[in-house]
file upload.txt (compact mmCIF, C-alpha atoms)
# COMPACT_ATOMS: atom_id res chain seq x y z
CA MET A 1 -27.86 -5.04 8.74
CA GLN A 2 -29.21 -5.53 5.23
CA ILE A 3 -26.96 -3.53 2.92
CA ASP A 4 -28.56 -1.53 0.14
CA PHE A 5 -25.94 -2.17 -2.55
CA ASP A 6 -27.39 0.39 -4.94
CA LEU A 7 -27.31 3.13 -2.30
CA LEU A 8 -23.82 2.16 -1.13
CA HIS A 9 -22.59 2.13 -4.72
CA SER A 10 -24.09 5.57 -5.29
CA LYS A 11 -22.43 7.03 -2.18
CA LEU A 12 -19.08 5.46 -3.09
CA GLU A 13 -19.33 7.03 -6.53
CA ASP A 14 -19.99 10.41 -4.91
CA LEU A 15 -16.87 9.89 -2.80
CA ARG A 16 -14.83 8.91 -5.86
CA LYS A 17 -15.87 12.05 -7.74
CA LYS A 18 -14.92 14.17 -4.73
CA TYR A 19 -11.39 12.78 -4.35
CA GLU A 20 -10.48 11.94 -7.94
CA HIS A 21 -8.20 14.96 -8.23
CA LEU A 22 -4.42 15.19 -8.32
CA HIS A 23 -4.12 17.54 -5.33
CA TYR A 24 -5.41 14.79 -3.01
CA LEU A 25 -2.43 12.57 -3.85
CA ASP A 26 -0.28 14.50 -1.37
CA SER A 27 -2.26 12.83 1.43
CA ASP A 28 -1.05 9.38 0.33
CA PRO A 29 2.33 7.64 -0.11
CA ILE A 30 1.46 7.23 -3.81
CA CYS A 31 2.53 10.86 -4.17
CA PHE A 32 6.15 9.66 -4.29
CA PRO A 33 6.03 7.35 -7.34
CA LYS A 34 3.71 9.86 -9.06
CA ARG A 35 6.75 12.13 -9.43
CA TYR A 36 8.42 9.79 -11.93
CA LYS A 37 7.73 8.85 -15.55
CA ASP A 38 10.09 5.91 -16.10
CA PRO A 39 8.31 2.63 -15.17
CA LEU A 40 11.52 1.38 -13.52
CA ASP A 41 11.57 4.37 -11.18
CA ILE A 42 7.83 4.08 -10.54
CA GLU A 43 8.11 0.41 -9.54
CA VAL A 44 11.16 0.89 -7.32
CA VAL A 45 9.74 3.97 -5.58
CA SER A 46 6.35 2.30 -5.18
CA LEU A 47 7.77 -0.75 -3.43
CA ILE A 48 9.90 1.34 -1.08
CA SER A 49 6.97 3.67 -0.34
CA CYS A 50 4.59 0.81 0.43
CA LEU A 51 7.01 -1.08 2.67
CA TYR A 52 7.47 2.03 4.80
CA ALA A 53 3.76 2.94 4.67
CA TYR A 54 2.94 2.32 8.31
CA GLY A 55 2.32 5.01 10.88
CA ASN A 56 0.67 8.36 10.18
CA VAL A 57 1.04 10.23 6.90
CA ARG A 58 3.32 12.87 8.41
CA SER A 59 5.76 10.27 9.75
CA ILE A 60 5.81 8.32 6.49
CA GLN A 61 6.43 11.40 4.40
CA GLY A 62 8.96 12.76 6.87
CA PHE A 63 11.09 9.66 6.40
CA LEU A 64 10.58 9.11 2.68
CA LYS A 65 11.00 12.67 1.39
CA PRO A 66 14.74 12.88 2.16
CA VAL A 67 15.24 9.28 1.01
CA PHE A 68 13.94 10.01 -2.48
CA LEU A 69 15.64 13.39 -2.56
CA ASP A 70 18.97 11.69 -1.90
CA LEU A 71 18.25 9.00 -4.50
CA GLY A 72 18.15 11.72 -7.14
CA PRO A 73 16.15 12.04 -10.36
CA SER A 74 16.25 8.28 -11.03
CA PRO A 75 16.11 6.15 -7.86
CA TYR A 76 16.35 3.03 -10.01
CA GLN A 77 19.64 4.12 -11.59
CA THR A 78 21.08 5.32 -8.28
CA LEU A 79 20.37 1.98 -6.62
CA GLN A 80 21.28 -0.12 -9.65
CA LYS A 81 24.65 1.57 -10.09
CA ALA A 82 25.40 1.97 -6.36
CA ASP A 83 28.51 4.07 -7.09
CA ASN A 84 30.44 6.32 -4.69
CA THR A 85 27.41 8.54 -4.03
CA PHE A 86 25.53 5.50 -2.72
CA SER A 87 27.72 5.34 0.40
CA THR A 88 26.72 8.94 1.17
CA PHE A 89 23.07 8.00 0.70
CA LEU A 90 23.46 5.14 3.19
CA LYS A 91 25.13 7.40 5.76
CA ASN A 92 22.25 9.89 5.50
CA LEU A 93 19.55 7.31 6.28
CA LYS A 94 17.64 7.83 9.52
CA VAL A 95 15.74 5.67 11.98
CA TYR A 96 12.13 4.97 11.06
CA ARG A 97 9.93 3.63 13.85
CA PHE A 98 10.79 -0.12 14.08
CA GLN A 99 13.75 0.15 11.68
CA THR A 100 17.09 1.28 13.05
CA LYS A 101 19.52 3.18 10.88
CA THR A 102 21.43 -0.06 10.39
CA ASP A 103 18.24 -1.88 9.36
CA ASN A 104 17.57 0.75 6.71
CA GLN A 105 21.13 0.62 5.44
CA ILE A 106 20.94 -3.16 5.11
CA PHE A 107 17.60 -2.96 3.34
CA PHE A 108 18.83 -0.47 0.74
CA GLN A 109 22.11 -2.34 0.26
CA THR A 110 20.03 -5.44 -0.42
CA PHE A 111 17.67 -3.55 -2.72
CA ALA A 112 20.63 -2.24 -4.74
CA ARG A 113 22.16 -5.72 -5.07
CA VAL A 114 18.83 -7.22 -6.15
CA LEU A 115 18.40 -4.57 -8.84
CA GLN A 116 21.92 -5.22 -10.11
CA GLY A 117 20.96 -8.87 -10.64
CA LEU A 118 17.80 -8.12 -12.60
CA ALA A 119 17.40 -7.25 -16.25
CA ALA A 120 16.88 -3.50 -16.66
CA LYS A 121 13.35 -3.74 -18.01
CA SER A 122 9.90 -3.19 -16.61
CA PRO A 123 8.32 -4.84 -14.72
CA LEU A 124 11.08 -5.77 -12.31
CA PHE A 125 9.28 -7.82 -9.67
CA GLU A 126 6.09 -9.23 -11.20
CA SER A 127 7.72 -12.60 -11.84
CA LYS A 128 8.68 -12.84 -8.14
CA LEU A 129 4.95 -12.97 -7.34
CA ALA A 130 4.29 -16.02 -9.51
CA ASN A 131 4.24 -19.66 -8.41
CA GLY A 132 5.95 -22.55 -10.21
CA GLN A 133 3.33 -22.41 -12.96
CA GLY A 134 3.85 -18.70 -13.49
CA GLU A 135 0.55 -17.78 -11.84
CA PHE A 136 -0.39 -15.31 -9.15
CA VAL A 137 -2.25 -17.18 -6.41
CA GLY A 138 -3.08 -14.52 -3.87
CA GLU A 139 -1.80 -14.86 -0.34
CA SER A 140 0.73 -17.59 -1.19
CA SER A 141 2.21 -15.44 -3.97
CA ILE A 142 2.64 -12.53 -1.56
CA SER A 143 4.33 -14.94 0.87
CA LEU A 144 6.66 -16.05 -1.94
CA PHE A 145 7.59 -12.41 -2.51
CA GLN A 146 8.27 -11.94 1.20
CA SER A 147 10.41 -15.10 1.23
CA PHE A 148 12.40 -13.78 -1.72
CA TRP A 149 13.23 -10.59 0.18
CA GLU A 150 13.91 -12.49 3.39
CA GLU A 151 16.51 -14.65 1.64
CA GLU A 152 18.12 -11.64 -0.04
CA LEU A 153 18.38 -9.81 3.28
CA LYS A 154 20.01 -12.87 4.84
CA ILE A 155 22.64 -12.85 2.09
CA THR A 156 23.49 -9.24 2.95
CA LEU A 157 23.52 -10.00 6.67
CA GLY A 158 25.79 -13.02 6.39
CA LYS A 159 26.08 -14.56 9.86
CA ARG A 160 24.05 -11.80 11.49
CA LYS A 161 20.44 -12.50 12.37
CA LEU A 162 17.49 -10.87 10.69
CA SER A 163 16.43 -8.07 13.04
CA TYR A 164 12.89 -7.38 14.17
CA GLY A 165 12.89 -4.14 12.18
CA LEU A 166 13.88 -5.84 8.92
CA GLN A 167 11.42 -8.69 9.47
CA PHE A 168 8.65 -6.18 10.11
CA LEU A 169 9.57 -4.22 6.99
CA ILE A 170 9.11 -7.15 4.61
CA GLY A 171 6.64 -9.07 6.77
CA LYS A 172 6.72 -12.71 7.82
CA PRO A 173 5.92 -15.04 4.90
CA GLU A 174 4.13 -17.53 7.16
CA ALA A 175 2.03 -14.94 9.01
CA LYS A 176 -1.73 -14.88 8.45
CA SER A 177 -1.78 -11.08 8.64
CA PRO A 178 -3.64 -9.06 5.98
CA LYS A 179 -0.29 -8.14 4.37
CA LYS A 180 -1.64 -4.65 3.91
CA ARG A 181 1.48 -2.91 2.61
CA LEU A 182 2.22 -5.44 -0.12
CA SER A 183 -1.47 -5.55 -1.02
CA LEU A 184 -1.25 -1.78 -1.45
CA PHE A 185 1.82 -2.17 -3.65
CA LEU A 186 -0.09 -4.67 -5.78
CA ARG A 187 -3.02 -2.29 -6.11
CA TRP A 188 -0.69 0.40 -7.43
CA MET A 189 1.01 -2.00 -9.85
CA VAL A 190 -2.06 -3.88 -11.09
CA ARG A 191 -4.88 -1.37 -11.45
CA ASN A 192 -4.55 0.80 -14.57
CA SER A 193 -6.92 3.61 -13.59
CA TYR A 194 -6.59 6.57 -11.22
CA PRO A 195 -4.62 6.80 -9.05
CA ASP A 196 -2.69 3.62 -9.88
CA PHE A 197 -0.09 2.68 -12.50
CA GLY A 198 -1.06 -0.65 -14.10
CA LEU A 199 2.52 -1.83 -14.68
CA TYR A 200 1.73 -5.52 -14.04
CA GLN A 201 -0.21 -7.23 -16.81
CA ASN A 202 -0.36 -10.84 -15.57
CA ILE A 203 -2.27 -10.12 -12.35
CA GLN A 204 -5.88 -8.96 -12.38
CA PRO A 205 -7.34 -6.39 -9.96
CA ASN A 206 -9.94 -8.91 -8.74
CA GLN A 207 -7.18 -11.32 -7.67
CA ILE A 208 -5.44 -9.16 -5.09
CA PRO A 209 -6.47 -8.79 -1.43
CA PHE A 210 -8.04 -5.59 -0.15
CA PRO A 211 -5.39 -3.46 1.65
CA LEU A 212 -6.83 -3.42 5.17
CA ASP A 213 -5.22 -0.38 6.77
CA VAL A 214 -6.65 1.05 9.99
CA HIS A 215 -8.93 3.46 8.14
CA ILE A 216 -10.46 0.73 6.00
CA GLN A 217 -10.90 -1.50 9.04
CA LYS A 218 -12.97 1.18 10.77
CA LEU A 219 -14.98 2.10 7.71
CA ILE A 220 -16.01 -1.42 6.74
CA GLN A 221 -17.36 -1.86 10.26
CA ILE A 222 -19.41 1.35 10.37
CA LEU A 223 -20.70 0.71 6.85
CA GLY A 224 -22.02 -2.65 8.00
CA ILE A 225 -19.76 -4.62 5.66
CA THR A 226 -18.32 -6.69 8.51
CA ASP A 227 -18.68 -7.03 12.27
CA ARG A 228 -15.29 -8.67 12.70
CA LYS A 229 -13.01 -7.19 15.34
CA SER A 230 -9.73 -8.62 14.09
CA PHE A 231 -8.38 -8.62 10.56
CA GLY A 232 -6.08 -11.11 8.89
CA ALA A 233 -5.45 -12.56 5.44
CA LYS A 234 -8.86 -14.24 5.40
CA GLU A 235 -10.63 -10.94 6.03
CA ALA A 236 -8.62 -9.18 3.31
CA TYR A 237 -10.10 -11.60 0.78
CA LEU A 238 -13.59 -11.53 2.28
CA ILE A 239 -13.67 -7.74 1.95
CA LYS A 240 -12.38 -8.03 -1.61
CA GLU A 241 -15.21 -10.47 -2.34
CA PHE A 242 -17.75 -8.03 -0.87
CA PHE A 243 -16.61 -5.24 -3.18
CA LYS A 244 -16.68 -7.63 -6.13
CA LYS A 245 -20.47 -7.55 -5.74
CA ILE A 246 -20.30 -3.84 -6.56
CA ASN A 247 -17.53 -4.01 -9.17
CA PRO A 248 -16.61 -7.59 -10.21
CA ALA A 249 -13.63 -6.60 -12.35
CA ASP A 250 -12.15 -3.96 -10.04
CA PRO A 251 -13.10 -4.52 -6.39
CA LEU A 252 -10.28 -2.27 -5.14
CA LEU A 253 -11.63 0.72 -7.03
CA TYR A 254 -12.77 2.53 -3.87
CA ASP A 255 -9.78 1.82 -1.63
CA PHE A 256 -8.05 5.16 -2.23
CA TYR A 257 -11.26 7.14 -1.86
CA LEU A 258 -12.39 5.39 1.32
CA THR A 259 -9.05 5.97 3.02
CA ARG A 260 -9.44 9.73 2.39
CA VAL A 261 -12.42 9.63 4.76
CA GLY A 262 -10.06 8.62 7.56
CA ILE A 263 -6.98 10.57 6.53
CA ILE A 264 -8.51 13.86 5.34
CA GLU A 265 -11.96 13.91 6.93
CA LYS A 266 -10.63 12.50 10.24
CA CYS A 267 -13.32 9.85 10.63
CA THR A 268 -12.84 8.03 13.95
CA ALA A 269 -15.81 5.66 13.59
CA LYS A 270 -17.51 7.66 16.34
CA TYR A 271 -20.11 10.37 15.92
CA GLN A 272 -18.60 13.84 15.54
CA LYS A 273 -21.20 16.32 14.39
CA ASP A 274 -18.95 18.48 12.20
CA VAL A 275 -17.28 15.46 10.57
CA CYS A 276 -20.33 13.25 10.21
CA GLU A 277 -22.78 15.84 8.91
CA ALA A 278 -20.46 16.69 6.02
CA CYS A 279 -19.61 13.07 5.15
CA TYR A 280 -20.70 11.70 1.78
CA LEU A 281 -21.22 8.29 3.40
CA LYS A 282 -23.54 9.36 6.19
CA GLU A 283 -26.63 7.80 4.58
CA VAL A 284 -25.01 4.36 4.69
CA CYS A 285 -23.13 4.78 7.99
CA LEU A 286 -24.27 2.88 11.09
CA VAL A 287 -22.66 5.43 13.42
CA PHE A 288 -24.48 8.37 11.81
CA GLY A 289 -27.75 6.45 11.71
CA SER A 290 -27.52 5.46 15.36
CA ALA A 291 -26.61 8.98 16.53
CA THR A 292 -29.28 10.77 14.54
CA GLY A 293 -32.02 8.16 14.44
CA ASN A 294 -31.87 7.97 10.62

call {"tool": "encode", "arguments": {"input": "upload.txt", "output": "structure tokens"}}
result
Amino acid sequence: MQIDFDLLHSKLEDLRKKYEHLHYLDSDPICFPKRYKDPLDIEVVSLISCLYAYGNVRSIQGFLKPVFLDLGPSPYQTLQKADNTFSTFLKNLKVYRFQTKTDNQIFFQTFARVLQGLAAKSPLFESKLANGQGEFVGESSISLFQSFWEEELKITLGKRKLSYGLQFLIGKPEAKSPKKRLSLFLRWMVRNSYPDFGLYQNIQPNQIPFPLDVHIQKLIQILGITDRKSFGAKEAYLIKEFFKKINPADPLLYDFYLTRVGIIEKCTAKYQKDVCEACYLKEVCLVFGSATGN
């Protein structure tokens, strides 16, 4: 399929204008860090939210809402101090999908210890994403960040082995997966326009991989952007490069808006008359075109 970039750009802009409103943030894990003003709280809450951002929105929010409620008005301070109330917080943690209660306790114990070893200034973790020359180098920098957390978890665990749940939470540094959740975290930290925070100044939006969640994977296929059936780190960068043709400086601009098509509009990448007829992307959608002969 020959993509009409001007038409696609126009439809994406229509989608952006539709969803560029605060009340749509409740459909996304970014709603949690949006509740805070202190950059330290925003960064801490963002990382936690992104690491647990797998599964459906209801499950993610069902787990995270009580977590942040228990962490109080400043999650950064609660974790950094880890006083007597912290033990109550740990006891209240629940199971979340692949993470057992013990996994979650170990993770937050580790998070608290890491924060206690860092200077209390924003940004907290940007330097952990830099190589030996102080540069962000894409996939390898994300792997460095995963290795950092892996080693910190091992310190907490002592002689105990890293569980499947904890390894899944931070991801395997050597894996060639799209590293979607940390790519999402980077989008929030790096981009300085809606809905993101722009806390990191040494990484540019056109350097980070596209967060390839299940909604994006479906949409880039039905929009004719790719015909690939599997998605790894290579594809995350290929999709980023595609969107650079539309916006060279900010190729992740449309990530939030595209995911609303899956989350809010319930796009399944199959023709559903009520869904498809109302979709802003129907003029550039292969599924709609095939079903209607357009």

call {"tool": "residues_near_point", "arguments": {"input": "upload.txt", "point": "(5.9, 0.4, 6.4)", "cutoff": "12 Å", "atoms": "all atoms listed in the file", "output": "PyMOL selection string"}}
result
chain A and resi 29+46-57+59-61+63-64+96-99+104+165-171+179-182+184-185+213

call {"tool": "atom_distance", "arguments": {"input": "upload.txt", "atom1": "atom CA of Lys282 of chain A", "atom2": "atom CA of Phe256 of chain A"}}
result
18.1 Å

call {"tool": "residues_around", "arguments": {"input": "upload.txt", "residues": "segment 291-294 of chain A", "least_positions_apart": "6", "cutoff": "12 Å", "atoms": "only C-alpha atoms", "output": "list of chain:residue names"}}
result
A:Ala269, A:Lys270, A:Tyr271, A:Gln272, A:Lys273, A:Cys276, A:Glu277, A:Lys282, A:Glu283, A:Val284, A:Cys285

call {"tool": "closest_residue", "arguments": {"input": "upload.txt", "among": "A:Ala175, A:Ile225, A:Ile142, A:Val95", "to": "Leu286 of chain A", "atoms": "only C-alpha atoms"}}
result
A:Ile225

call {"tool": "closest_residue", "arguments": {"input": "upload.txt", "among": "A:Ile208, A:Val190, A:Ile246, A:Leu238", "to": "Phe5 of chain A", "atoms": "all atoms listed in the file"}}
result
A:Ile246

call {"tool": "residues_around", "arguments": {"input": "upload.txt", "residues": "Pro33 of chain A", "least_positions_apart": "3", "cutoff": "8 Å", "atoms": "all atoms listed in the file", "output": "mmCIF file with C-alpha atoms, in the coordinates of the input"}}
result
data_model
loop_
_atom_site.group_PDB
_atom_site.id
_atom_site.type_symbol
_atom_site.label_atom_id
_atom_site.label_comp_id
_atom_site.auth_asym_id
_atom_site.auth_seq_id
_atom_site.Cartn_x
_atom_site.Cartn_y
_atom_site.Cartn_z
ATOM 1 C CA ILE A 30 1.460 7.230 -3.810
ATOM 2 C CA TYR A 36 8.420 9.790 -11.930
ATOM 3 C CA ASP A 41 11.570 4.370 -11.180
ATOM 4 C CA ILE A 42 7.830 4.080 -10.540
ATOM 5 C CA GLU A 43 8.110 0.410 -9.540
ATOM 6 C CA VAL A 45 9.740 3.970 -5.580
ATOM 7 C CA SER A 46 6.350 2.300 -5.180
ATOM 8 C CA SER A 49 6.970 3.670 -0.340
#

call {"tool": "closest_residue", "arguments": {"input": "upload.txt", "among": "A:His215, A:Lys17, A:Lys161, A:Lys244", "to": "Tyr194 of chain A", "atoms": "all atoms listed in the file"}}
result
A:Lys17

call {"tool": "atom_distance", "arguments": {"input": "upload.txt", "atom1": "atom CA of Gln116 of chain A", "atom2": "atom CA of Gln80 of chain A"}}
result
5.2 Å

call {"tool": "atom_distance", "arguments": {"input": "upload.txt", "atom1": "atom CA of Thr78 of chain A", "atom2": "atom CA of Glu150 of chain A"}}
result
22.5 Å

call {"tool": "axis_aligned_box", "arguments": {"input": "upload.txt", "around": "segment 4-15 of chain A", "padding_each_side": "8 Å", "output": "lines of an AutoDock Vina configuration file"}}
result
center_x = -22.7
center_y = 4.1
center_z = -3.2
size_x = 27.7
size_y = 28.6
size_z = 22.7

call {"tool": "closest_residue", "arguments": {"input": "upload.txt", "among": "A:Leu253, A:Leu79, A:Val214, A:Leu7", "to": "Cys267 of chain A", "atoms": "all atoms listed in the file"}}
result
A:Val214

call {"tool": "closest_residue", "arguments": {"input": "upload.txt", "among": "A:Phe148, A:Phe125, A:Phe136, A:Phe210", "to": "Thr110 of chain A", "atoms": "all atoms listed in the file"}}
result
A:Phe148

call {"tool": "closest_residue", "arguments": {"input": "upload.txt", "among": "A:Asp28, A:Lys121, A:Phe108, A:Ser290", "to": "Asp196 of chain A", "atoms": "all atoms listed in the file"}}
result
A:Asp28

call {"tool": "residues_near_point", "arguments": {"input": "upload.txt", "point": "(-3.0, -8.1, 10.9)", "cutoff": "7 Å", "atoms": "all atoms listed in the file", "output": "PyMOL selection string"}}
result
chain A and resi 177-178+231-232

call {"tool": "residues_around", "arguments": {"input": "upload.txt", "residues": "His9 of chain A", "least_positions_apart": "4", "cutoff": "10 Å", "atoms": "all atoms listed in the file", "output": "list of chain:residue names"}}
result
A:Asp4, A:Phe5, A:Glu13, A:Asp14, A:Leu15, A:Phe243, A:Lys245, A:Ile246, A:Asn247, A:Tyr254, A:Val284

call {"tool": "build_atoms", "arguments": {"input": "upload.txt", "residues": "segment 22-39 of chain A", "atoms": "N, CA, C and O atoms", "output": "PDB file, in the frame of the given file"}}
result
ATOM      1  N   LEU A  22      -5.847  15.349  -8.578  1.00  0.00           N
ATOM      2  CA  LEU A  22      -4.420  15.190  -8.320  1.00  0.00           C
ATOM      3  C   LEU A  22      -3.981  15.789  -6.991  1.00  0.00           C
ATOM      4  O   LEU A  22      -3.069  15.274  -6.343  1.00  0.00           O
ATOM      5  N   HIS A  23      -4.623  16.891  -6.548  1.00  0.00           N
ATOM      6  CA  HIS A  23      -4.120  17.540  -5.330  1.00  0.00           C
ATOM      7  C   HIS A  23      -4.368  16.701  -4.082  1.00  0.00           C
ATOM      8  O   HIS A  23      -3.790  16.988  -3.035  1.00  0.00           O
ATOM      9  N   TYR A  24      -5.205  15.665  -4.169  1.00  0.00           N
ATOM     10  CA  TYR A  24      -5.410  14.790  -3.010  1.00  0.00           C
ATOM     11  C   TYR A  24      -4.322  13.723  -2.893  1.00  0.00           C
ATOM     12  O   TYR A  24      -4.260  13.021  -1.884  1.00  0.00           O
ATOM     13  N   LEU A  25      -3.487  13.586  -3.901  1.00  0.00           N
ATOM     14  CA  LEU A  25      -2.430  12.570  -3.850  1.00  0.00           C
ATOM     15  C   LEU A  25      -1.394  12.870  -2.776  1.00  0.00           C
ATOM     16  O   LEU A  25      -0.717  11.962  -2.288  1.00  0.00           O
ATOM     17  N   ASP A  26      -1.261  14.142  -2.396  1.00  0.00           N
ATOM     18  CA  ASP A  26      -0.280  14.500  -1.370  1.00  0.00           C
ATOM     19  C   ASP A  26      -0.631  13.919  -0.006  1.00  0.00           C
ATOM     20  O   ASP A  26       0.213  13.905   0.891  1.00  0.00           O
ATOM     21  N   SER A  27      -1.856  13.439   0.159  1.00  0.00           N
ATOM     22  CA  SER A  27      -2.260  12.830   1.430  1.00  0.00           C
ATOM     23  C   SER A  27      -1.990  11.336   1.458  1.00  0.00           C
ATOM     24  O   SER A  27      -2.403  10.647   2.393  1.00  0.00           O
ATOM     25  N   ASP A  28      -1.249  10.828   0.475  1.00  0.00           N
ATOM     26  CA  ASP A  28      -1.050   9.380   0.330  1.00  0.00           C
ATOM     27  C   ASP A  28       0.381   9.096  -0.095  1.00  0.00           C
ATOM     28  O   ASP A  28       0.975   9.897  -0.835  1.00  0.00           O
ATOM     29  N   PRO A  29       0.959   7.961   0.320  1.00  0.00           N
ATOM     30  CA  PRO A  29       2.330   7.640  -0.110  1.00  0.00           C
ATOM     31  C   PRO A  29       2.482   7.502  -1.621  1.00  0.00           C
ATOM     32  O   PRO A  29       3.601   7.560  -2.132  1.00  0.00           O
ATOM     33  N   ILE A  30       1.363   7.340  -2.350  1.00  0.00           N
ATOM     34  CA  ILE A  30       1.460   7.230  -3.810  1.00  0.00           C
ATOM     35  C   ILE A  30       1.969   8.525  -4.435  1.00  0.00           C
ATOM     36  O   ILE A  30       2.354   8.548  -5.609  1.00  0.00           O
ATOM     37  N   CYS A  31       2.000   9.602  -3.648  1.00  0.00           N
ATOM     38  CA  CYS A  31       2.530  10.860  -4.170  1.00  0.00           C
ATOM     39  C   CYS A  31       3.991  10.726  -4.584  1.00  0.00           C
ATOM     40  O   CYS A  31       4.455  11.453  -5.474  1.00  0.00           O
ATOM     41  N   PHE A  32       4.722   9.805  -3.969  1.00  0.00           N
ATOM     42  CA  PHE A  32       6.150   9.660  -4.290  1.00  0.00           C
ATOM     43  C   PHE A  32       6.372   9.040  -5.673  1.00  0.00           C
ATOM     44  O   PHE A  32       7.060   9.640  -6.514  1.00  0.00           O
ATOM     45  N   PRO A  33       5.828   7.870  -5.983  1.00  0.00           N
ATOM     46  CA  PRO A  33       6.030   7.350  -7.340  1.00  0.00           C
ATOM     47  C   PRO A  33       5.370   8.198  -8.426  1.00  0.00           C
ATOM     48  O   PRO A  33       5.796   8.144  -9.593  1.00  0.00           O
ATOM     49  N   LYS A  34       4.359   8.997  -8.075  1.00  0.00           N
ATOM     50  CA  LYS A  34       3.710   9.860  -9.060  1.00  0.00           C
ATOM     51  C   LYS A  34       4.653  10.924  -9.617  1.00  0.00           C
ATOM     52  O   LYS A  34       4.359  11.552 -10.634  1.00  0.00           O
ATOM     53  N   ARG A  35       5.800  11.110  -8.979  1.00  0.00           N
ATOM     54  CA  ARG A  35       6.750  12.130  -9.430  1.00  0.00           C
ATOM     55  C   ARG A  35       7.604  11.649 -10.603  1.00  0.00           C
ATOM     56  O   ARG A  35       8.348  12.447 -11.188  1.00  0.00           O
ATOM     57  N   TYR A  36       7.526  10.359 -10.934  1.00  0.00           N
ATOM     58  CA  TYR A  36       8.420   9.790 -11.930  1.00  0.00           C
ATOM     59  C   TYR A  36       7.643   9.322 -13.165  1.00  0.00           C
ATOM     60  O   TYR A  36       6.459   8.987 -13.078  1.00  0.00           O
ATOM     61  N   LYS A  37       8.335   9.291 -14.290  1.00  0.00           N
ATOM     62  CA  LYS A  37       7.730   8.850 -15.550  1.00  0.00           C
ATOM     63  C   LYS A  37       8.255   7.486 -16.001  1.00  0.00           C
ATOM     64  O   LYS A  37       7.531   6.727 -16.638  1.00  0.00           O
ATOM     65  N   ASP A  38       9.504   7.181 -15.698  1.00  0.00           N
ATOM     66  CA  ASP A  38      10.090   5.910 -16.100  1.00  0.00           C
ATOM     67  C   ASP A  38       9.459   4.778 -15.277  1.00  0.00           C
ATOM     68  O   ASP A  38       9.476   4.830 -14.039  1.00  0.00           O
ATOM     69  N   PRO A  39       8.915   3.743 -15.915  1.00  0.00           N
ATOM     70  CA  PRO A  39       8.310   2.630 -15.170  1.00  0.00           C
ATOM     71  C   PRO A  39       9.247   1.971 -14.172  1.00  0.00           C
ATOM     72  O   PRO A  39       8.807   1.485 -13.124  1.00  0.00           O
TER      73      PRO A  39
END
